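The structure appears right after this line, and notes come after that.
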Amino acid sequence: MALHRDGLIEFRDAVGTVHPNDGDDGVRGPQYAPYLTAIGRRLATGFPQAHRTPQTV
């Protein structure tokens, strides 16, 4: 998954332990849920700098 590879999400179990993948073994489906990392959250909500208006002199 590209989001995980790029460090935008991490997979966690019910108690919050981070896992290297979603735990899908091809039979039962994903065992761990994706959560946004700090940089993923910034990208999802937008960088504050992107919303600034240019200053005039």
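By convention in this document, the chains of the structure tokens carry letters A, B, ... by their order, each chain's residues are numbered from 1, and ligands are numbered from 1 in the order they are shown.
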Practice problem: Would you list the contacts of Pro30 in chain A as an NGL selection string, taking every protein, DNA or RNA residue within 10 Å and counting only C-alpha atoms, but skipping same-chain residues closer than 6 positions in sequence? | Solution: :A and (11 or 21-24)
Exercise. Do a neighbour search on Val18 in chain A at 10 Å with only C-alpha atoms, toss out local chain neighbours closer than 5 positions, and write the hits as an NGL selection string.
Key: :A and (10-13 or 32-35)
Output C-alpha atoms for every residue in that selection, as a PDB file, in the first residue's frame.
```
ATOM      1  CA  GLU A  10       0.580   3.033  10.127  1.00  0.00           C
ATOM      2  CA  PHE A  11      -1.338  -0.098  11.096  1.00  0.00           C
ATOM      3  CA  ARG A  12      -2.431  -0.553  14.725  1.00  0.00           C
ATOM      4  CA  ASP A  13      -4.301  -3.205  16.659  1.00  0.00           C
ATOM      5  CA  TYR A  32      -5.139  -4.141  11.917  1.00  0.00           C
ATOM      6  CA  ALA A  33      -6.648  -0.746  11.142  1.00  0.00           C
ATOM      7  CA  PRO A  34      -4.853   2.095   9.309  1.00  0.00           C
ATOM      8  CA  TYR A  35      -4.191   5.322  11.229  1.00  0.00           C
TER       9      TYR A  35
END
```
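If you look at CA of Ile39 in chain A and CA of Ile9 in chain A, they are 8.7 Å away from each other.
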Quiz item: Counting only C-alpha atoms, what is within 9 Å of Thr37 in chain A, bar same-chain residues fewer than 3 positions away, as an MDAnalysis selection string?
Solution: chainID A and resid 7:10 40:42
Practice problem: Could you tell me, as a list in words, which residues of range 16-46 of chain A DSSP assigns to strand (DSSP E) when given the backbone? | Solution: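 After running DSSP on the backbone, range 16-46 of chain A has strand (DSSP E) at Val18, His19, Ala33, Pro34, Tyr35 and Leu36 of chain A.
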Write out, as a PDB file, in the first residue's frame, the residues just selected, with N, CA, C and O atoms.
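Heads up, here's the output in again_22.pdb:
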```pdb
ATOM      1  N   VAL A  18       1.711  -0.753  17.060  1.00  0.00           N
ATOM      2  CA  VAL A  18       1.963  -0.550  15.634  1.00  0.00           C
ATOM      3  C   VAL A  18       2.487  -1.845  15.013  1.00  0.00           C
ATOM      4  O   VAL A  18       3.324  -2.527  15.607  1.00  0.00           O
ATOM      5  N   HIS A  19       1.981  -2.176  13.812  1.00  0.00           N
ATOM      6  CA  HIS A  19       2.384  -3.377  13.086  1.00  0.00           C
ATOM      7  C   HIS A  19       2.905  -2.991  11.704  1.00  0.00           C
ATOM      8  O   HIS A  19       2.502  -1.968  11.149  1.00  0.00           O
ATOM      9  N   ALA A  33      -6.046  -1.914  11.793  1.00  0.00           N
ATOM     10  CA  ALA A  33      -6.648  -0.746  11.142  1.00  0.00           C
ATOM     11  C   ALA A  33      -5.589   0.301  10.796  1.00  0.00           C
ATOM     12  O   ALA A  33      -4.614   0.466  11.527  1.00  0.00           O
ATOM     13  N   PRO A  34      -5.791   1.030   9.671  1.00  0.00           N
ATOM     14  CA  PRO A  34      -4.853   2.095   9.309  1.00  0.00           C
ATOM     15  C   PRO A  34      -5.141   3.379  10.099  1.00  0.00           C
ATOM     16  O   PRO A  34      -6.290   3.739  10.319  1.00  0.00           O
ATOM     17  N   TYR A  35      -4.085   4.037  10.542  1.00  0.00           N
ATOM     18  CA  TYR A  35      -4.191   5.322  11.229  1.00  0.00           C
ATOM     19  C   TYR A  35      -3.224   6.295  10.570  1.00  0.00           C
ATOM     20  O   TYR A  35      -2.115   5.913  10.190  1.00  0.00           O
ATOM     21  N   LEU A  36      -3.613   7.547  10.451  1.00  0.00           N
ATOM     22  CA  LEU A  36      -2.731   8.564   9.891  1.00  0.00           C
ATOM     23  C   LEU A  36      -1.558   8.830  10.821  1.00  0.00           C
ATOM     24  O   LEU A  36      -1.735   8.907  12.035  1.00  0.00           O
TER      25      LEU A  36
END
```
